[in-house]
Structure formats: structure tokens, C-alpha cells
Amino acid sequence: MIRVSIIGASGYTGGELLRYLIGHPEVKLAHLTSETFAGQPIHSLHTFLKGRCGLICEKANPAVIAQDSDVVFLGLPHGASAKMAAALLEKKVVKVIDLSADFRLQNLALYTRWYGKHPVPRLVKEAVYGLPERYREDIRRARLVAAPGCYATTSVLAGLPLFAKGLVGPGQIIVDAKSGISGAGRKVEAAYLFAESNETVRAYGLKGHRHHPEIVQEWQRAAAEAKKKIKVDLIFTPHLVPMNRGIFVTLYAPLNKRLSAEALREVYLSYYLRQPFVTLLAPYESPETKGVAFTNHCQIGVSIEPSGQRAVILAATDNLGKGASGQAVQCMNLMFGIDESTGLQ
């Protein structure tokens with residue numbers, strides 16, 4: 001059995017991790033921590049666990065947790081997460097999957113721009129970006145995995161085949177992205193109250209969003225590895241929409257040659273062959289967020305503008321599933337040599 005602990009188990013991603021892990025046939029839960037709710041049973045925070053998990057939240061003790069665990073999921077804010085990862089990795093041969101942004105960006109200058117000075121820069125190069133569709137073999141060998149952001153996961157998957165196959169032409173790429181309210185986290189702020197968020201849609205991050213450099217990094221990597229000279233010029237605009245969970249991305253990308261939607265779908269089918277959590281829809285068919293809710297799946301639909309010059313790619317995920325905790329469990333499965341879909345079906 002894999003001994004699993006979660007540091008920062010009280011939030012939405014922590015709860016979603018527990019939803020997947022509580023029924024995972026290869027997992028035994030060891031420690032669940034919450035600085036705010038230490039001493040309280042975890043089922044008082046995530047009521048679906050009543051009768052299923054009797055663990056009590058505790059304050060994080062890295063030495064004890066590292067000793068008792070084979071893998072630790074980190075659900076802490078950026079900055080704090082990197083420090084905890086360093087403390088855990090010093091103690092013993094334990095694996096760490098970080099759901100914060102601390103190890104997603106490989107460029108430290110970019111990290112500093114978006115998040116401030118990195119607290120543990122020596123670990124950045126060791127971290128593997130936790131997108132199995134791109135880094136499956138690296139994840140298998142990793143002891144530190146950076147779980148991608150929710151917008152980034154969906155956007156990157158939507159665009160990867162275009163960049164890997166060198167199909168992107170000159171011009172700006174636009175990503176219009178929409179997220180459910182849970183993407184804002186389990187904090188109490190007026191903007192996220194039901195009466196403020198229901199029956200309305202609003203854009204945010206108009207001066208820049210932290211997932212922008214993450215998306216560019218991964219598309220640029222894919223193009224470089226395929227030896228395609230493509231410079232990513234991205235406009236990324238996120239929106240908050242009145243649903244609990246889900247990410248919906250519309251990607252507009254200029255093409256360097258005319259393609260039919262059917263031909264473009266064949267490109268995507270070939271690229272995502274044998275990827276268990278990516279589903280390609282029929283040409284001009286739109287995914288729906290309810291079709292991926294409570295799953296680790298990404299649905300992708302491809303279309304071509306009538307001019308034939310621009311691809312329109314639609315992608316949907318659950319921001320708590322493939323966009324966070326589900327994908328983190330998928331990475332854990334790979335790190336321990338078991339079928340990556342275990343506990344996720």
C-alpha cells in the first residue's frame with residue numbers, strides 16, 4: 001500500500017484529493033493537516049467523508065509526516081509550499097506532489113515577477129511538470145512533481161498538438177477561459193458569495209494572470225522539442241462563471257496552412273493516441289463542463305473558421321479534477337508504477 005499524507009487538506013483541492021484517495025485500492029491515508037482546523041475530524045470539513053474516514057486534522061510536522069509517508073500532497077499557498085517540500089525532501093526518500101505554483105515555472109525570473117522571490121530555488125530544476133500527456137516518463141522517475149494549474153492544464157492540452165506539429169502560423173493566439181467559482185478557493189470573500197457570483201459573468205486578471213506564463217512555457221517547450229520555430233504570442237483572459245466546478249477554454253490560433261476540421265481532428269487523434277483521459281469529439285462538436293464534472297477527463301473539440309486560416313479549439317475539464325487533484329493522483333499512480341487510471345475511473 002502507498003502511504004499518503006495531505007498537508008493542507010481543508011480546502012477544495014484537499015477535499016477532492018480525499019474523494020479520489022478514499023476509494024483508491026492502493027492507498028492508505030497517514031496524515032491530514034490543517035493549521036486552522038487542527039484537532040477537528042476531517043469529515044467535519046468534507047462531509048462526504050462521514051462514515052468513511054475518521055482521521056483528525058493535525059498541525060504539520062514534516063519530520064513525522066515524511067517518516068510515515070511514501071508520498072505527500074501539498075495543498076498550501078505558494079511560498080509556503082516550497083518550504084514544506086524542501087523540509088520533507090530532506091528527511092527521507094519521500095515523494096512530493098505540489099499543487100501550488102511554486103515549481104511550475106522553470107524560469108526563476110518569471111516566478112519572481114508573478115509570485116515574488118522563490119524560497120527554495122535549488123529545487124526548481126528538479127521538479128517535473130505534472131502533465132502526464134507530455135511528461136509521463138519523467139513523472140515516473142520524479143520525487144518532486146509540480147501539479148499544473150487548472151487554466152494551464154486545459155489550455156495547454158487544447159493547444160499542444162498545434163505546436164508539436166508545427167501548425168501555428170504568425171499572429172496572436174487567443175485563449176478565452178471560464179472557470180467555476182471553486183477555482184477561487186475555499187476562502188470567504190464578498191466577491192465569491194452566492195449573491196455576488198450567481199447570475200453573472202465577469203472577467204478578471206486583465207492586467208495579467210499567473211497561468212499565462214505557464215501556458216506559454218509548455219507550448220514553447222513542445223514547439224522547441226519538435227524543432228519547430230514558433231514564438232508564442234498569447235492573449236489570455238479568464239472569466240468567472242456561476243457554476244461550482246469546471247473549466248471551459250476557447251483557443252483561437254492562426255494556422256500556417258489550410259486544413260479541414262476533419263484533418264485537424266486527425267492530427268489531434270494521432271497526438272493523443274492512448275491517452276486515457278483525453279477525449280476527442282467530432283469536428284465542430286463542443287464539449288460541455290457537465291460532461292467532465294467530477295472526473296479526471298479533458299474533452300476537446302476542433303473546428304476551423306470559415307476562412308480556413310484559423311483553428312478554434314474547445315476544451316473542458318473539471319478544475320478540481322484534471323485541473324488539480326485528479327491529475328495529481330494520476331501522477332502519483334505513475335510515480336509508484338501502477339496503472340495511471342487507478343482510483344480515477
# chains A, B, ... in the order shown; residues from 1 in each chain; ligands from 1

call {"tool": "residues_around", "arguments": {"residues": "A:Ser286", "least_positions_apart": "2", "cutoff": "8 Å", "atoms": "only C-alpha atoms", "output": "list of chain:residue names"}}
result
A:Leu281, A:Tyr284, A:Glu288, A:Ile300, A:Gly301, A:Leu314

call {"tool": "write_last_selection", "arguments": {"atoms": "C-alpha atoms", "output": "PDB file, in the first residue's frame"}}
result
ATOM      1  CA  LEU A 281     -15.121  14.910 -30.032  1.00  0.00           C
ATOM      2  CA  TYR A 284     -17.451  21.156 -34.755  1.00  0.00           C
ATOM      3  CA  GLU A 288     -19.569  20.670 -22.003  1.00  0.00           C
ATOM      4  CA  ILE A 300     -11.562  18.533 -26.800  1.00  0.00           C
ATOM      5  CA  GLY A 301     -13.472  19.673 -29.873  1.00  0.00           C
ATOM      6  CA  LEU A 314     -12.635  23.962 -27.447  1.00  0.00           C
TER       7      LEU A 314
END

call {"tool": "select_by_dssp", "arguments": {"residues": "stretch 45-284 of chain A", "states": "strand (DSSP E or B)", "output": "PDB file with N, CA and C atoms, in the first residue's frame"}}
result
ATOM      1  N   ILE A  56      -8.170  12.687  12.107  1.00  0.00           N
ATOM      2  CA  ILE A  56      -8.260  14.015  12.711  1.00  0.00           C
ATOM      3  C   ILE A  56      -7.217  14.920  12.082  1.00  0.00           C
ATOM      4  N   GLU A  58      -4.387  17.593  11.873  1.00  0.00           N
ATOM      5  CA  GLU A  58      -3.293  17.908  12.795  1.00  0.00           C
ATOM      6  C   GLU A  58      -2.451  19.035  12.217  1.00  0.00           C
ATOM      7  N   VAL A  71       4.319   9.242  -0.063  1.00  0.00           N
ATOM      8  CA  VAL A  71       4.098  10.430  -0.889  1.00  0.00           C
ATOM      9  C   VAL A  71       3.272  11.429  -0.100  1.00  0.00           C
ATOM     10  N   VAL A  72       3.582  12.710  -0.303  1.00  0.00           N
ATOM     11  CA  VAL A  72       2.861  13.789   0.372  1.00  0.00           C
ATOM     12  C   VAL A  72       2.340  14.750  -0.688  1.00  0.00           C
ATOM     13  N   PHE A  73       1.040  15.026  -0.624  1.00  0.00           N
ATOM     14  CA  PHE A  73       0.433  16.058  -1.461  1.00  0.00           C
ATOM     15  C   PHE A  73       0.448  17.373  -0.682  1.00  0.00           C
ATOM     16  N   LEU A  74       0.850  18.448  -1.353  1.00  0.00           N
ATOM     17  CA  LEU A  74       0.898  19.759  -0.717  1.00  0.00           C
ATOM     18  C   LEU A  74      -0.226  20.638  -1.268  1.00  0.00           C
ATOM     19  N   LYS A  95       8.232  11.064  -1.697  1.00  0.00           N
ATOM     20  CA  LYS A  95       7.885  11.788  -2.918  1.00  0.00           C
ATOM     21  C   LYS A  95       6.909  12.901  -2.575  1.00  0.00           C
ATOM     22  N   VAL A  96       6.982  13.983  -3.337  1.00  0.00           N
ATOM     23  CA  VAL A  96       6.142  15.158  -3.069  1.00  0.00           C
ATOM     24  C   VAL A  96       5.431  15.566  -4.360  1.00  0.00           C
ATOM     25  N   ILE A  97       4.132  15.795  -4.247  1.00  0.00           N
ATOM     26  CA  ILE A  97       3.340  16.349  -5.350  1.00  0.00           C
ATOM     27  C   ILE A  97       2.768  17.667  -4.863  1.00  0.00           C
ATOM     28  N   ASP A  98       3.220  18.754  -5.474  1.00  0.00           N
ATOM     29  CA  ASP A  98       2.875  20.096  -5.019  1.00  0.00           C
ATOM     30  C   ASP A  98       1.771  20.671  -5.889  1.00  0.00           C
ATOM     31  N   VAL A 128       9.368  18.148 -11.843  1.00  0.00           N
ATOM     32  CA  VAL A 128       8.801  17.727 -13.126  1.00  0.00           C
ATOM     33  C   VAL A 128       7.392  18.285 -13.235  1.00  0.00           C
ATOM     34  N   TYR A 129       7.091  18.882 -14.369  1.00  0.00           N
ATOM     35  CA  TYR A 129       5.758  19.426 -14.607  1.00  0.00           C
ATOM     36  C   TYR A 129       4.782  18.270 -14.754  1.00  0.00           C
ATOM     37  N   LEU A 144       9.751  14.913  -7.067  1.00  0.00           N
ATOM     38  CA  LEU A 144       9.042  16.174  -6.870  1.00  0.00           C
ATOM     39  C   LEU A 144       8.293  16.520  -8.153  1.00  0.00           C
ATOM     40  N   VAL A 145       6.968  16.581  -8.051  1.00  0.00           N
ATOM     41  CA  VAL A 145       6.120  16.884  -9.207  1.00  0.00           C
ATOM     42  C   VAL A 145       5.348  18.161  -8.930  1.00  0.00           C
ATOM     43  N   ALA A 146       5.322  19.045  -9.918  1.00  0.00           N
ATOM     44  CA  ALA A 146       4.553  20.284  -9.841  1.00  0.00           C
ATOM     45  C   ALA A 146       3.237  20.083 -10.575  1.00  0.00           C
ATOM     46  N   VAL A 168       1.099  26.154 -36.167  1.00  0.00           N
ATOM     47  CA  VAL A 168       0.739  27.522 -35.786  1.00  0.00           C
ATOM     48  C   VAL A 168       1.421  28.524 -36.703  1.00  0.00           C
ATOM     49  N   ILE A 173      -2.288  34.345 -30.548  1.00  0.00           N
ATOM     50  CA  ILE A 173      -3.150  33.248 -30.128  1.00  0.00           C
ATOM     51  C   ILE A 173      -3.996  33.780 -28.982  1.00  0.00           C
ATOM     52  N   ILE A 174      -5.273  33.487 -29.033  1.00  0.00           N
ATOM     53  CA  ILE A 174      -6.191  33.979 -28.010  1.00  0.00           C
ATOM     54  C   ILE A 174      -6.772  32.791 -27.253  1.00  0.00           C
ATOM     55  N   VAL A 175      -6.738  32.873 -25.931  1.00  0.00           N
ATOM     56  CA  VAL A 175      -7.423  31.897 -25.084  1.00  0.00           C
ATOM     57  C   VAL A 175      -8.454  32.641 -24.248  1.00  0.00           C
ATOM     58  N   ASP A 176      -9.698  32.313 -24.481  1.00  0.00           N
ATOM     59  CA  ASP A 176     -10.817  32.809 -23.682  1.00  0.00           C
ATOM     60  C   ASP A 176     -11.184  31.672 -22.727  1.00  0.00           C
ATOM     61  N   ALA A 177     -11.010  31.886 -21.438  1.00  0.00           N
ATOM     62  CA  ALA A 177     -11.160  30.799 -20.470  1.00  0.00           C
ATOM     63  C   ALA A 177     -12.192  31.153 -19.397  1.00  0.00           C
ATOM     64  N   LYS A 178     -12.950  30.155 -19.006  1.00  0.00           N
ATOM     65  CA  LYS A 178     -14.000  30.358 -17.997  1.00  0.00           C
ATOM     66  C   LYS A 178     -13.867  29.300 -16.910  1.00  0.00           C
ATOM     67  N   SER A 179     -14.049  29.733 -15.664  1.00  0.00           N
ATOM     68  CA  SER A 179     -13.888  28.833 -14.516  1.00  0.00           C
ATOM     69  C   SER A 179     -15.076  28.932 -13.582  1.00  0.00           C
ATOM     70  N   ARG A 202     -18.046  37.552 -15.124  1.00  0.00           N
ATOM     71  CA  ARG A 202     -17.112  38.672 -15.164  1.00  0.00           C
ATOM     72  C   ARG A 202     -15.702  38.183 -15.481  1.00  0.00           C
ATOM     73  N   ALA A 203     -14.981  39.010 -16.191  1.00  0.00           N
ATOM     74  CA  ALA A 203     -13.573  38.735 -16.472  1.00  0.00           C
ATOM     75  C   ALA A 203     -12.731  39.256 -15.311  1.00  0.00           C
ATOM     76  N   LEU A 234       0.596  35.179 -26.853  1.00  0.00           N
ATOM     77  CA  LEU A 234      -0.683  34.760 -26.270  1.00  0.00           C
ATOM     78  C   LEU A 234      -1.409  35.906 -25.583  1.00  0.00           C
ATOM     79  N   ILE A 235      -2.701  36.010 -25.888  1.00  0.00           N
ATOM     80  CA  ILE A 235      -3.631  36.821 -25.100  1.00  0.00           C
ATOM     81  C   ILE A 235      -4.503  35.849 -24.307  1.00  0.00           C
ATOM     82  N   PHE A 236      -4.461  35.958 -22.986  1.00  0.00           N
ATOM     83  CA  PHE A 236      -5.199  35.027 -22.123  1.00  0.00           C
ATOM     84  C   PHE A 236      -6.128  35.822 -21.218  1.00  0.00           C
ATOM     85  N   THR A 237      -7.422  35.548 -21.314  1.00  0.00           N
ATOM     86  CA  THR A 237      -8.397  36.261 -20.484  1.00  0.00           C
ATOM     87  C   THR A 237      -9.284  35.257 -19.757  1.00  0.00           C
ATOM     88  N   PRO A 238      -9.175  35.199 -18.422  1.00  0.00           N
ATOM     89  CA  PRO A 238     -10.031  34.295 -17.638  1.00  0.00           C
ATOM     90  C   PRO A 238     -11.325  34.987 -17.208  1.00  0.00           C
ATOM     91  N   HIS A 239     -12.356  34.176 -17.027  1.00  0.00           N
ATOM     92  CA  HIS A 239     -13.660  34.662 -16.584  1.00  0.00           C
ATOM     93  C   HIS A 239     -14.172  33.762 -15.468  1.00  0.00           C
ATOM     94  N   LEU A 240     -14.924  34.349 -14.564  1.00  0.00           N
ATOM     95  CA  LEU A 240     -15.604  33.594 -13.512  1.00  0.00           C
ATOM     96  C   LEU A 240     -17.069  33.452 -13.902  1.00  0.00           C
ATOM     97  N   ILE A 247     -13.807  24.053 -16.089  1.00  0.00           N
ATOM     98  CA  ILE A 247     -13.034  24.995 -16.901  1.00  0.00           C
ATOM     99  C   ILE A 247     -13.475  24.802 -18.340  1.00  0.00           C
ATOM    100  N   PHE A 248     -13.735  25.896 -19.032  1.00  0.00           N
ATOM    101  CA  PHE A 248     -14.036  25.834 -20.464  1.00  0.00           C
ATOM    102  C   PHE A 248     -13.119  26.820 -21.181  1.00  0.00           C
ATOM    103  N   VAL A 249     -12.363  26.307 -22.136  1.00  0.00           N
ATOM    104  CA  VAL A 249     -11.387  27.116 -22.872  1.00  0.00           C
ATOM    105  C   VAL A 249     -11.759  27.153 -24.349  1.00  0.00           C
ATOM    106  N   THR A 250     -11.731  28.346 -24.917  1.00  0.00           N
ATOM    107  CA  THR A 250     -11.821  28.509 -26.368  1.00  0.00           C
ATOM    108  C   THR A 250     -10.505  29.108 -26.839  1.00  0.00           C
ATOM    109  N   LEU A 251      -9.797  28.356 -27.669  1.00  0.00           N
ATOM    110  CA  LEU A 251      -8.485  28.757 -28.160  1.00  0.00           C
ATOM    111  C   LEU A 251      -8.597  29.115 -29.644  1.00  0.00           C
ATOM    112  N   TYR A 252      -8.138  30.302 -30.006  1.00  0.00           N
ATOM    113  CA  TYR A 252      -8.107  30.741 -31.404  1.00  0.00           C
ATOM    114  C   TYR A 252      -6.650  30.832 -31.833  1.00  0.00           C
ATOM    115  N   ALA A 253      -6.279  30.056 -32.846  1.00  0.00           N
ATOM    116  CA  ALA A 253      -4.872  30.014 -33.266  1.00  0.00           C
ATOM    117  C   ALA A 253      -4.762  30.138 -34.776  1.00  0.00           C
ATOM    118  N   PRO A 254      -3.905  31.049 -35.270  1.00  0.00           N
ATOM    119  CA  PRO A 254      -3.678  31.139 -36.715  1.00  0.00           C
ATOM    120  C   PRO A 254      -2.932  29.902 -37.217  1.00  0.00           C
ATOM    121  N   LEU A 255      -3.290  29.436 -38.395  1.00  0.00           N
ATOM    122  CA  LEU A 255      -2.647  28.267 -38.989  1.00  0.00           C
ATOM    123  C   LEU A 255      -1.690  28.689 -40.097  1.00  0.00           C
ATOM    124  N   VAL A 278      -7.935  11.944 -22.251  1.00  0.00           N
ATOM    125  CA  VAL A 278      -8.240  12.964 -23.261  1.00  0.00           C
ATOM    126  C   VAL A 278      -9.191  12.352 -24.283  1.00  0.00           C
ATOM    127  N   THR A 279     -10.332  12.994 -24.478  1.00  0.00           N
ATOM    128  CA  THR A 279     -11.342  12.516 -25.418  1.00  0.00           C
ATOM    129  C   THR A 279     -11.529  13.535 -26.529  1.00  0.00           C
ATOM    130  N   LEU A 280     -11.407  13.084 -27.784  1.00  0.00           N
ATOM    131  CA  LEU A 280     -11.621  13.949 -28.939  1.00  0.00           C
ATOM    132  C   LEU A 280     -13.049  13.798 -29.423  1.00  0.00           C
TER     133      LEU A 280
END

call {"tool": "residues_around", "arguments": {"residues": "stretch 75-82 of chain A", "least_positions_apart": "4", "cutoff": "6 Å", "atoms": "only C-alpha atoms", "output": "list in words"}}
result
Ile7, Gly8, Leu99, Ser100, Ala101 and Asp102 of chain A

call {"tool": "closest_residue", "arguments": {"among": "A:Lys91, A:Arg221, A:Arg245, A:Lys257", "to": "A:Ile181", "atoms": "only C-alpha atoms"}}
result
A:Arg245

call {"tool": "closest_atom_pairs", "arguments": {"of": "stretch 203-315 of chain A", "to": "stretch 19-32 of chain A", "cutoff": "10 Å", "atoms": "only C-alpha atoms", "output": "JSON lines"}}
result
{"residue": "A:Phe294", "atom": "CA", "partner": "A:Arg19", "partner_atom": "CA", "distance": 9.6}
{"residue": "A:Thr295", "atom": "CA", "partner": "A:Tyr20", "partner_atom": "CA", "distance": 9.6}
{"residue": "A:Asn296", "atom": "CA", "partner": "A:Tyr20", "partner_atom": "CA", "distance": 10.0}

call {"tool": "residues_around", "arguments": {"residues": "A:Val124", "least_positions_apart": "6", "cutoff": "9 Å", "atoms": "only C-alpha atoms", "output": "JSON, numbers by chain"}}
result
{"A": [102, 103, 104, 105, 106, 107, 108]}

call {"tool": "write_last_selection", "arguments": {"atoms": "N, CA and C atoms", "output": "tab-separated table (two decimals), in the first residue's frame"}}
result
chain	number	residue	atom	x	y	z
A	102	ASP	N	4.54	26.77	-6.97
A	102	ASP	CA	5.95	27.01	-6.63
A	102	ASP	C	6.96	26.37	-7.57
A	103	PHE	N	6.60	25.28	-8.22
A	103	PHE	CA	7.58	24.59	-9.07
A	103	PHE	C	7.11	24.44	-10.51
A	104	ARG	N	6.09	25.18	-10.89
A	104	ARG	CA	5.58	25.08	-12.26
A	104	ARG	C	6.46	25.82	-13.26
A	105	LEU	N	6.96	26.97	-12.88
A	105	LEU	CA	7.75	27.79	-13.81
A	105	LEU	C	9.23	27.49	-13.65
A	106	GLN	N	9.87	27.13	-14.75
A	106	GLN	CA	11.29	26.80	-14.70
A	106	GLN	C	12.19	28.03	-14.73
A	107	ASN	N	11.65	29.13	-15.18
A	107	ASN	CA	12.40	30.39	-15.24
A	107	ASN	C	12.19	31.15	-13.93
A	108	LEU	N	13.26	31.27	-13.13
A	108	LEU	CA	13.13	31.91	-11.82
A	108	LEU	C	12.77	33.38	-11.92

call {"tool": "closest_residue", "arguments": {"among": "A:Leu88, A:Ala152, A:Ile230, A:Leu264", "to": "A:Glu214", "atoms": "only C-alpha atoms"}}
result
A:Ala152

call {"tool": "select_by_dssp", "arguments": {"residues": "stretch 225-295 of chain A", "states": "helix (DSSP H, G or I)", "output": "number ranges by chain"}}
result
A: 225, 261-271, 289-291

call {"tool": "atom_distance", "arguments": {"atom1": "atom CA of A:Gly323", "atom2": "atom CA of A:Lys50"}}
result
25.5 Å

call {"tool": "atom_distance", "arguments": {"atom1": "atom CA of A:Glu137", "atom2": "atom CA of A:Glu218"}}
result
16.4 Å

call {"tool": "closest_residue", "arguments": {"among": "A:Ser341, A:Ala158, A:Gly169, A:Tyr204", "to": "A:Ala316", "atoms": "only C-alpha atoms"}}
result
A:Ala158

call {"tool": "decode", "arguments": {"residues": "stretch 140-155 of chain A", "atoms": "C-alpha atoms", "output": "compact mmCIF listing (two decimals), in the first residue's frame"}}
result
# COMPACT_ATOMS: atom_id res chain seq x y z
CA ARG A 140 7.58 8.02 -13.29
CA ARG A 141 11.14 8.84 -12.18
CA ALA A 142 10.39 12.02 -10.23
CA ARG A 143 10.47 12.62 -6.50
CA LEU A 144 9.04 16.17 -6.87
CA VAL A 145 6.12 16.88 -9.21
CA ALA A 146 4.55 20.28 -9.84
CA ALA A 147 0.84 19.82 -10.47
CA PRO A 148 -0.20 22.22 -13.28
CA GLY A 149 -2.73 24.97 -12.78
CA CYS A 150 -6.34 24.41 -13.85
CA TYR A 151 -6.43 27.01 -16.64
CA ALA A 152 -2.98 25.92 -17.75
CA THR A 153 -3.89 22.22 -17.92
CA THR A 154 -6.92 22.85 -20.10
CA SER A 155 -5.27 25.46 -22.33
